[in-house]
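Content type compact mmCIF, C-alpha atoms, from the file my_file_23.txt:
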```
# COMPACT_ATOMS: atom_id res chain seq x y z
CA MET I 1 0.00 0.00 0.00
CA HIS I 2 3.01 2.37 0.20
CA GLU I 3 4.10 1.54 -3.35
CA LEU I 4 2.63 4.73 -4.82
CA GLY I 5 4.63 6.84 -2.38
CA ILE I 6 7.76 4.94 -3.37
CA VAL I 7 6.96 5.46 -7.06
CA PHE I 8 6.90 9.23 -6.47
CA TYR I 9 10.40 9.00 -4.96
CA ILE I 10 11.61 6.94 -7.94
CA ILE I 11 10.16 9.45 -10.41
CA ARG I 12 11.83 12.35 -8.63
CA ASP I 13 15.24 10.63 -8.60
CA VAL I 14 14.98 9.39 -12.20
CA LYS I 15 14.00 12.84 -13.51
CA GLN I 16 16.90 14.36 -11.63
CA ALA I 17 19.38 11.82 -13.03
CA ALA I 18 17.99 12.24 -16.55
CA GLU I 19 18.33 16.02 -16.39
CA GLN I 20 21.90 15.75 -15.12
CA ASN I 21 22.72 13.52 -18.09
CA GLY I 22 20.90 15.70 -20.64
CA VAL I 23 18.37 12.95 -21.38
CA GLU I 24 14.93 13.95 -22.70
CA HIS I 25 13.13 10.63 -22.52
CA VAL I 26 13.81 7.53 -20.40
CA SER I 27 12.77 4.20 -21.95
CA ALA I 28 13.28 1.95 -18.92
CA VAL I 29 14.16 2.13 -15.23
CA VAL I 30 15.84 -0.88 -13.63
CA MET I 31 15.14 -1.39 -9.91
CA ASN I 32 16.77 -3.71 -7.37
CA ILE I 33 14.03 -4.80 -4.99
CA GLY I 34 14.96 -6.91 -1.96
CA GLU I 35 12.84 -9.93 -1.13
CA VAL I 36 12.08 -8.58 2.37
CA SER I 37 11.88 -4.89 1.43
CA THR I 38 8.07 -4.93 2.02
CA VAL I 39 7.62 -3.62 -1.53
CA VAL I 40 5.25 -5.76 -3.60
CA PRO I 41 6.64 -5.79 -7.17
CA GLU I 42 3.19 -6.14 -8.83
CA TYR I 43 1.81 -3.14 -6.95
CA LEU I 44 4.96 -1.17 -7.68
CA SER I 45 4.55 -1.86 -11.42
CA ASP I 46 0.86 -0.88 -11.37
CA CYS I 47 1.54 2.37 -9.51
CA TRP I 48 4.48 3.06 -11.79
CA ARG I 49 2.38 2.78 -14.96
CA TRP I 50 -0.24 5.15 -13.58
CA ALA I 51 2.20 7.78 -12.32
CA ALA I 52 4.97 7.56 -14.95
CA ASP I 53 2.57 8.12 -17.86
CA LYS I 54 1.66 11.47 -16.36
CA GLU I 55 5.26 12.65 -16.83
CA GLU I 56 6.35 13.72 -20.33
CA MET I 57 9.86 12.32 -19.79
CA LEU I 58 8.56 8.93 -18.60
CA LYS I 59 5.61 8.24 -20.92
CA GLY I 60 5.66 4.53 -21.78
CA CYS I 61 8.84 4.05 -19.73
CA GLU I 62 9.14 0.45 -18.55
CA LEU I 63 9.89 -0.47 -14.93
CA LYS I 64 12.18 -3.53 -14.81
CA ILE I 65 12.37 -5.20 -11.44
CA ARG I 66 15.35 -7.33 -10.39
CA THR I 67 14.74 -9.27 -7.19
CA VAL I 68 17.54 -9.30 -4.64
CA PRO I 69 17.39 -12.52 -2.57
CA ALA I 70 17.22 -12.02 1.19
CA ILE I 71 20.22 -13.59 2.93
CA THR I 72 20.79 -13.73 6.67
CA HIS I 73 24.21 -14.08 8.29
CA CYS I 74 24.59 -16.06 11.52
CA ASP I 75 27.10 -14.82 14.11
CA GLY I 76 26.67 -18.13 15.95
CA CYS I 77 28.29 -20.33 13.29
CA GLY I 78 29.33 -17.84 10.61
CA GLY I 79 26.97 -19.42 8.10
CA GLN I 80 24.47 -17.84 5.74
CA TYR I 81 20.98 -18.87 4.74
CA SER I 82 17.78 -17.81 2.97
CA THR I 83 15.85 -15.38 5.17
CA VAL I 84 12.51 -16.05 3.52
CA ARG I 85 12.81 -19.80 4.05
CA TYR I 86 14.20 -19.89 7.61
CA GLY I 87 13.48 -16.50 9.22
CA LYS I 88 15.38 -15.36 12.30
CA LYS I 89 16.68 -18.71 13.57
CA CYS I 90 19.77 -20.17 11.87
CA PRO I 91 18.97 -23.56 10.27
CA HIS I 92 22.63 -24.66 10.63
CA CYS I 93 23.16 -24.15 14.38
CA GLY I 94 19.81 -22.93 15.83
CA SER I 95 21.22 -19.56 16.99
CA ASP I 96 19.05 -16.40 17.09
CA ASP I 97 22.16 -14.24 16.84
CA THR I 98 21.57 -13.42 13.18
CA TRP I 99 21.32 -10.34 10.98
CA LEU I 100 20.14 -9.50 7.51
CA LEU I 101 23.00 -9.33 5.02
CA GLN I 102 20.91 -8.25 2.03
CA GLY I 103 17.29 -8.19 0.93
CA ARG I 104 15.94 -4.80 2.06
CA GLU I 105 17.05 -2.93 -1.07
CA VAL I 106 14.73 -0.48 -2.81
CA GLU I 107 17.29 0.87 -5.19
CA ILE I 108 17.35 2.47 -8.63
CA LYS I 109 20.03 0.43 -10.41
CA GLU I 110 20.12 2.20 -13.75
CA ILE I 111 18.07 3.93 -16.41
CA GLU I 112 17.94 3.02 -20.10
CA VAL I 113 17.76 5.58 -22.85
CA ILE I 114 17.24 4.96 -26.54
CA MET V 1 16.86 -1.30 -33.56
CA ASP V 2 18.09 1.76 -31.73
CA LYS V 3 20.96 1.21 -29.40
CA VAL V 4 20.08 1.39 -25.72
CA LYS V 5 22.29 3.54 -23.56
CA VAL V 6 22.46 2.56 -19.91
CA ILE V 7 23.11 5.16 -17.22
CA GLU V 8 24.05 3.65 -13.90
CA ILE V 9 22.41 5.26 -10.85
CA LYS V 10 22.66 2.77 -7.98
CA LYS V 11 20.86 4.87 -5.44
CA SER V 12 18.54 3.84 -2.65
CA VAL V 13 15.09 5.34 -2.98
CA PHE V 14 15.29 6.18 0.73
CA ALA V 15 18.68 7.95 0.52
CA ASP V 16 17.30 11.50 0.23
CA ASN V 17 14.81 10.90 3.01
CA ASP V 18 17.51 9.51 5.30
CA ARG V 19 19.60 12.61 4.68
CA ASP V 20 16.63 14.94 5.33
CA ALA V 21 15.88 13.01 8.54
CA ASP V 22 19.46 13.40 9.79
CA SER V 23 19.44 17.12 9.12
CA LEU V 24 16.10 17.51 10.91
CA ARG V 25 17.55 15.65 13.93
CA SER V 26 20.57 17.97 14.05
CA TYR V 27 18.26 20.99 13.91
CA LEU V 28 16.15 19.63 16.78
CA LYS V 29 19.28 18.80 18.80
CA ALA V 30 20.49 22.38 18.45
CA LYS V 31 17.08 23.68 19.57
CA GLY V 32 16.86 21.20 22.46
CA VAL V 33 13.58 19.76 21.17
CA TYR V 34 12.94 16.02 21.47
CA LEU V 35 10.77 14.48 18.74
CA LEU V 36 9.08 11.12 19.32
CA ASN V 37 7.56 9.23 16.40
CA LEU V 38 4.64 7.19 17.72
CA MET V 39 3.27 4.48 15.45
CA SER V 40 0.63 1.75 15.68
CA SER V 41 -2.31 0.12 13.93
CA PRO V 42 -5.55 2.10 13.71
CA GLY V 43 -7.54 1.76 16.93
CA SER V 44 -4.69 0.67 19.22
CA GLY V 45 -5.35 3.61 21.55
CA LYS V 46 -2.64 6.11 20.53
CA THR V 47 -4.73 9.20 21.22
CA THR V 48 -6.07 7.95 24.57
CA THR V 49 -2.53 6.96 25.64
CA LEU V 50 -1.22 10.38 24.65
CA ILE V 51 -3.91 12.22 26.60
CA ARG V 52 -3.09 10.21 29.76
CA THR V 53 0.65 10.67 29.32
CA ILE V 54 0.49 14.39 28.53
CA ASN V 55 -1.68 15.05 31.59
CA LEU V 56 0.98 13.32 33.72
CA LEU V 57 3.82 15.29 32.15
CA LYS V 58 2.48 18.72 31.31
CA ASP V 59 3.69 20.32 34.56
CA LYS V 60 7.19 18.96 33.99
CA LEU V 61 7.65 19.39 30.25
CA ARG V 62 6.32 21.70 27.57
CA ILE V 63 4.73 19.39 25.05
CA ALA V 64 3.26 19.78 21.58
CA VAL V 65 1.53 17.14 19.47
CA MET V 66 1.38 16.70 15.69
CA GLU V 67 -1.39 14.41 14.55
CA ALA V 68 -0.91 12.86 11.12
CA ASP V 69 -3.91 11.40 9.38
CA ILE V 70 -5.11 10.95 5.86
CA ASP V 71 -8.09 13.20 6.63
CA SER V 72 -10.08 14.95 9.45
CA ASP V 73 -8.86 16.79 12.55
CA VAL V 74 -10.72 14.78 15.22
CA ASP V 75 -7.53 13.64 16.97
CA ALA V 76 -5.92 17.08 17.15
CA VAL V 77 -9.13 18.58 18.55
CA LYS V 78 -9.49 15.74 21.06
CA ILE V 79 -5.94 16.19 22.35
CA LYS V 80 -6.29 19.95 22.65
CA GLU V 81 -9.61 19.68 24.52
CA ALA V 82 -8.40 16.99 26.91
CA THR V 83 -4.96 18.43 27.73
CA GLY V 84 -4.92 22.10 26.74
CA ILE V 85 -1.55 21.74 24.99
CA GLN V 86 -0.57 22.86 21.51
CA SER V 87 -1.86 20.31 19.02
CA ILE V 88 -1.81 20.52 15.24
CA GLN V 89 -3.19 18.28 12.51
CA LEU V 90 -1.20 17.20 9.46
CA HIS V 91 -2.89 15.75 6.42
CA THR V 92 -0.85 13.31 4.41
CA GLY V 93 -2.99 13.76 1.29
CA GLY V 94 -3.74 10.08 0.94
CA MET V 95 -0.21 8.91 1.72
CA CYS V 96 0.10 6.05 4.18
CA HIS V 97 3.10 7.48 6.04
CA LEU V 98 5.02 10.65 6.84
CA ASP V 99 8.53 11.28 5.59
CA ALA V 100 11.17 13.65 6.98
CA GLU V 101 10.21 16.51 4.67
CA MET V 102 6.52 16.29 5.64
CA THR V 103 7.54 16.19 9.31
CA ARG V 104 9.71 19.28 8.89
CA GLN V 105 6.84 21.14 7.18
CA GLY V 106 4.57 20.11 10.05
CA LEU V 107 7.09 21.41 12.61
CA ASP V 108 7.08 24.78 10.83
CA ASN V 109 3.50 25.15 12.10
CA VAL V 110 4.40 24.36 15.71
CA MET V 111 5.55 27.14 18.01
CA LEU V 112 8.76 25.41 19.09
CA GLU V 113 10.03 28.17 21.39
CA GLY V 114 10.32 26.69 24.87
CA VAL V 115 8.93 23.32 23.78
CA ASP V 116 10.80 20.28 25.20
CA LEU V 117 8.91 17.44 23.58
CA VAL V 118 7.00 17.05 20.33
CA ILE V 119 5.06 13.85 19.83
CA LEU V 120 4.27 12.90 16.27
CA GLU V 121 1.29 10.58 16.05
CA ASN V 122 1.97 8.84 12.76
CA VAL V 123 -0.65 7.39 10.40
CA GLY V 124 -2.19 4.20 11.84
CA ASN V 125 -0.38 1.49 9.90
CA LEU V 126 2.27 -1.11 10.79
CA VAL V 127 3.99 -1.29 7.39
CA CYS V 128 4.73 1.99 5.65
CA PRO V 129 5.65 4.32 8.54
CA ALA V 130 8.44 1.89 9.49
CA GLU V 131 10.14 2.42 6.12
CA PHE V 132 10.53 6.17 6.39
CA ASP V 133 12.76 7.89 8.93
CA THR V 134 10.81 10.96 10.07
CA GLY V 135 13.78 12.66 11.72
CA ALA V 136 12.52 11.72 15.19
CA VAL V 137 14.98 11.04 18.02
CA ARG V 138 13.22 7.75 18.83
CA ASN V 139 10.50 5.54 17.42
CA ALA V 140 7.88 4.03 19.68
CA MET V 141 4.87 1.90 18.88
CA ILE V 142 1.69 0.81 20.59
CA LEU V 143 0.44 -2.72 20.19
CA SER V 144 -2.95 -3.47 21.72
CA VAL V 145 -3.95 -6.82 23.21
CA PRO V 146 -6.80 -7.54 20.74
CA GLU V 147 -4.32 -7.34 17.84
CA GLY V 148 -2.52 -10.47 19.04
CA ASP V 149 0.90 -11.37 20.47
CA ASP V 150 2.24 -12.51 17.10
CA LYS V 151 2.42 -9.03 15.51
CA PRO V 152 6.24 -8.75 15.97
CA LEU V 153 6.52 -11.85 13.79
CA LYS V 154 4.22 -10.49 11.10
CA TYR V 155 5.59 -6.94 10.94
CA PRO V 156 9.31 -7.44 11.57
CA LEU V 157 10.48 -4.06 10.29
CA MET V 158 8.12 -2.05 12.53
CA PHE V 159 9.36 -3.86 15.63
CA SER V 160 13.02 -3.66 14.64
CA VAL V 161 12.94 0.16 14.26
CA CYS V 162 11.16 0.82 17.58
CA ASP V 163 13.05 1.53 20.81
CA LEU V 164 9.88 1.24 22.88
CA VAL V 165 6.88 -1.06 22.52
CA ILE V 166 3.83 -0.13 24.61
CA ILE V 167 1.30 -2.91 25.04
CA ASN V 168 -2.09 -1.30 25.55
CA LYS V 169 -5.53 -2.55 26.64
CA MET V 170 -4.07 -4.85 29.31
CA ASP V 171 -7.51 -4.74 31.00
CA VAL V 172 -8.98 -7.02 28.33
CA LEU V 173 -6.20 -9.61 28.60
CA PRO V 174 -8.52 -12.26 30.16
CA TYR V 175 -10.75 -12.20 27.08
CA PHE V 176 -8.06 -12.66 24.47
CA ASN V 177 -5.59 -15.33 23.61
CA PHE V 178 -2.63 -12.97 24.18
CA ASP V 179 0.52 -14.26 25.88
CA LEU V 180 2.49 -11.29 27.26
CA GLU V 181 5.69 -13.29 27.83
CA LYS V 182 5.56 -14.69 24.32
CA CYS V 183 5.03 -11.20 22.96
CA ARG V 184 8.06 -9.91 24.90
CA GLU V 185 10.11 -12.73 23.43
CA TYR V 186 8.97 -11.94 19.87
CA VAL V 187 9.81 -8.25 20.38
CA ARG V 188 13.26 -9.26 21.69
CA MET V 189 13.83 -11.37 18.57
CA ARG V 190 13.26 -8.29 16.40
CA ASN V 191 15.11 -5.83 18.60
CA PRO V 192 16.96 -7.03 21.73
CA LYS V 193 17.28 -3.43 22.99
CA ALA V 194 13.58 -2.52 22.79
CA ARG V 195 11.84 -1.76 26.06
CA VAL V 196 8.34 -3.21 26.58
CA ILE V 197 5.81 -1.36 28.79
CA PRO V 198 2.34 -2.88 29.39
CA ILE V 199 -0.36 -0.29 30.09
CA CYS V 200 -4.08 0.32 30.23
CA ALA V 201 -4.65 3.78 28.78
CA LEU V 202 -8.30 3.79 29.84
CA SER V 203 -7.57 3.37 33.57
CA GLY V 204 -4.10 4.93 33.42
CA GLU V 205 -2.37 1.85 34.80
CA GLY V 206 1.27 1.60 33.73
CA VAL V 207 1.21 4.98 31.96
CA GLU V 208 3.68 6.47 34.49
CA ALA V 209 6.34 4.09 33.18
CA PHE V 210 5.93 5.59 29.72
CA ALA V 211 5.96 9.11 31.17
CA ASP V 212 9.16 8.33 33.12
CA TRP V 213 10.79 6.91 29.99
CA LEU V 214 9.98 10.16 28.16
CA LEU V 215 11.34 12.31 31.01
CA GLU V 216 14.63 10.39 30.94
CA GLU V 217 14.87 10.51 27.17
CA VAL V 218 14.20 14.26 26.98
CA ALA V 219 16.77 14.94 29.74
CA LYS V 220 19.42 12.89 27.88
CA TRP V 221 18.68 14.68 24.58
CA LYS V 222 19.07 18.11 26.18
CA GLN V 223 22.49 17.34 27.69
```

Show the structure stored in the file as structure tokens.
Amino acid sequence: MHELGIVFYIIRDVKQAAEQNGVEHVSAVVMNIGEVSTVVPEYLSDCWRWAADKEEMLKGCELKIRTVPAITHCDGCGGQYSTVRYGKKCPHCGSDDTWLLQGREVEIKEIEVI
Amino acid sequence: MDKVKVIEIKKSVFADNDRDADSLRSYLKAKGVYLLNLMSSPGSGKTTTLIRTINLLKDKLRIAVMEADIDSDVDAVKIKEATGIQSIQLHTGGMCHLDAEMTRQGLDNVMLEGVDLVILENVGNLVCPAEFDTGAVRNAMILSVPEGDDKPLKYPLMFSVCDLVIINKMDVLPYFNFDLEKCREYVRMRNPKARVIPICALSGEGVEAFADWLLEEVAKWKQ
């Protein structure tokens, strides 16, 4: 439900980057979205279509989403594992002493220009 | 086919907001104003808790409240009538959260001179407000008994960004399948440093613990 707000941030940053690079129209925006970022890719795409088409520079611009897998690191045994599958508790040693290595990204990776 | 040119950006969508939040915090530090971001689900008892707490503290601290909602000013009016303190309403224009820039604009409408503590009552929602740093010194959240003890498992980010978890509506505990010890354990899993304070805002039980926490926090911030 916060995807539209995030889309407005993306639009602001993309327009800024395009202007800095002297680009008049952006054909695609590539996003890195972490598996546990709380952003739902389908909603993000829907909100993107609605909002981007209202901007001259982004009319028809495609939003490409690359999923970043969520990986948790365990300080108990030094191992790593899939956060989505196992959650907080390390499946190797049972420790709760774990932290998220990656997977919360909501990042503009690059823009494509034809 | 036309050749595609790729321009690398590699920038977090939250980067600008994080920077705005840090600069707001520095501004508040210089002014000696403590900002608390209070979050929860709709109907957890934020406004009732605030009224109780403010009435306990208003002789010791100068307090102002910013109420953020999608629409209406019922909460701001309620707080003002019940406590007499400065209370303003922010409208998020349909947005499900406040960001640092919106918080700063809200603060522009608060008379900050002499104010020690500003409490921001964020939009009732356990997902979006957790994503956006408002520039507050601390985040706190209220979880009410009817919502269930498993909420820290379902909304991990909210519980990992909060320094204080208030558990409200303790008076209805006998009627719900809510295990306080289990809830404490789930909160600890998300954030080992978070403090948990059980209260009943309606009767006022436990509210002094929250008021004392605020007094300590404000004193530390002003040092």

> For chain V against chain I, which residues fall within 8 Å using only C-alpha atoms, given as a VMD selection string?
Replying inline: chain V and resid 2 to 14 95 to 97 127 to 128 189

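The gap separating CA of Ser40 (chain V) from CA of Gly124 (chain V) is 5.4 Å, in Å to one decimal.
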
>> At a cut-off of 7 Å, using all atoms listed in the file, what residues contact region 214-222 of chain V? Leave out same-chain residues fewer than 3 positions from it and give the result as a ChimeraX atom specification.
In response: /V:32,34,210-211

Residues from last step as file, C-alpha atoms, as a compact mmCIF listing (two decimals), in the frame of the given file:
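Once everything was written out, this is again_26.txt:
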```
# COMPACT_ATOMS: atom_id res chain seq x y z
CA GLY V 32 16.86 21.20 22.46
CA TYR V 34 12.94 16.02 21.47
CA PHE V 210 5.93 5.59 29.72
CA ALA V 211 5.96 9.11 31.17
```

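With all atoms listed in the file taken into account, the protein and nucleic acid residues at most 10 Å from Cys93 (chain I) (excluding it and anything under 4 positions from it in its own chain) are Cys74, Gly76, Cys77, Gly78, Gly79 and Lys89 of chain I.
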
>> Set the distance at 10 Å and use all atoms listed in the file: which residues neighbour Tyr86 (chain I) once local chain neighbours fewer than 5 positions away are removed? I'd like the list as a PyMOL selection string.
In response: chain I and resi 71-72+81+91

> Which residues come within 9 Å of Val196 (chain V), counting only C-alpha atoms, excluding same-chain residues fewer than 6 positions away, as a PyMOL selection string?
Replying inline: chain V and resi 163-167+184+187

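Proximity of V:Leu112, V:Val118, V:Leu35, V:Leu98 to Ala64 (chain V), computed with only C-alpha atoms, is greatest for V:Val118.
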
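Ranking V:Ile88, V:Leu126, V:Leu24, V:Ala15 by their shortest atom-to-atom distance to Val74 (chain V), with all atoms listed in the file included, puts V:Ile88 first.
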
Return as JSON the box centre and box size in Å, one decimal, for an axis-aligned box around all listed atoms of region 59-68 of chain I padded by 5 Å per side.
```
{"center_x": 11.6, "center_y": -0.5, "center_z": -13.2, "size_x": 21.9, "size_y": 27.5, "size_z": 27.1}
```

Quick one: contact table of region 3-100 of chain V to region 199-206 of chain V, 10 Å max, nearest atom pair and distance in Å to one decimal per residue, counting only C-alpha atoms, chain and number order, as CSV?
```
residue,atom,partner,partner_atom,distance
V:Gly45,CA,V:Ala201,CA,7.3
V:Lys46,CA,V:Ala201,CA,8.8
V:Thr47,CA,V:Ala201,CA,9.3
V:Thr48,CA,V:Ala201,CA,6.1
V:Thr49,CA,V:Ala201,CA,4.9
V:Leu50,CA,V:Ala201,CA,8.5
V:Ile51,CA,V:Ala201,CA,8.7
V:Arg52,CA,V:Gly204,CA,6.5
V:Thr53,CA,V:Gly204,CA,8.5
V:Leu56,CA,V:Gly204,CA,9.8
```

Store the residues of this selection in a file with C-alpha atoms, as a PDB file, keeping the file's coordinate frame.
```pdb
ATOM      1  CA  GLY V  45      -5.350   3.610  21.550  1.00  0.00           C
ATOM      2  CA  LYS V  46      -2.640   6.110  20.530  1.00  0.00           C
ATOM      3  CA  THR V  47      -4.730   9.200  21.220  1.00  0.00           C
ATOM      4  CA  THR V  48      -6.070   7.950  24.570  1.00  0.00           C
ATOM      5  CA  THR V  49      -2.530   6.960  25.640  1.00  0.00           C
ATOM      6  CA  LEU V  50      -1.220  10.380  24.650  1.00  0.00           C
ATOM      7  CA  ILE V  51      -3.910  12.220  26.600  1.00  0.00           C
ATOM      8  CA  ARG V  52      -3.090  10.210  29.760  1.00  0.00           C
ATOM      9  CA  THR V  53       0.650  10.670  29.320  1.00  0.00           C
ATOM     10  CA  LEU V  56       0.980  13.320  33.720  1.00  0.00           C
TER      11      LEU V  56
END
```

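CA of Glu101 (chain V) lies 13.8 Å from CA of Leu28 (chain V).
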
>> When you look at Thr67 (chain I) with a cut-off of 9 Å (counting only C-alpha atoms), what residues show up, excluding the ones that are within fewer than 4 positions of it in the same chain? I need them as a PyMOL selection string.
In response: chain I and resi 31-35+41+103

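Ranking V:Arg138, V:Lys169, V:Lys193, V:Arg62 by their shortest atom-to-atom distance to Leu38 (chain V), with all atoms listed in the file included, puts V:Arg138 first.
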
Please check which residues have atoms at most 12 Å from (-7.8, -8.7, 26.2) in the file's coordinates, counting only C-alpha atoms, and write them as a CSV table (one decimal) with C-alpha atoms, in the frame of the given file.
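Produced file out26.csv, reproduced below:
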```csv
chain,number,residue,atom,x,y,z
V,143,LEU,CA,0.4,-2.7,20.2
V,144,SER,CA,-3.0,-3.5,21.7
V,145,VAL,CA,-4.0,-6.8,23.2
V,146,PRO,CA,-6.8,-7.5,20.7
V,147,GLU,CA,-4.3,-7.3,17.8
V,148,GLY,CA,-2.5,-10.5,19.0
V,149,ASP,CA,0.9,-11.4,20.5
V,167,ILE,CA,1.3,-2.9,25.0
V,168,ASN,CA,-2.1,-1.3,25.6
V,169,LYS,CA,-5.5,-2.6,26.6
V,170,MET,CA,-4.1,-4.8,29.3
V,171,ASP,CA,-7.5,-4.7,31.0
V,172,VAL,CA,-9.0,-7.0,28.3
V,173,LEU,CA,-6.2,-9.6,28.6
V,174,PRO,CA,-8.5,-12.3,30.2
V,175,TYR,CA,-10.8,-12.2,27.1
V,176,PHE,CA,-8.1,-12.7,24.5
V,177,ASN,CA,-5.6,-15.3,23.6
V,178,PHE,CA,-2.6,-13.0,24.2
V,179,ASP,CA,0.5,-14.3,25.9
V,180,LEU,CA,2.5,-11.3,27.3
V,199,ILE,CA,-0.4,-0.3,30.1
V,200,CYS,CA,-4.1,0.3,30.2
```

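With CA of His73 (chain I) on one side and CA of Cys90 (chain I) on the other, the separation reads 8.3 Å.
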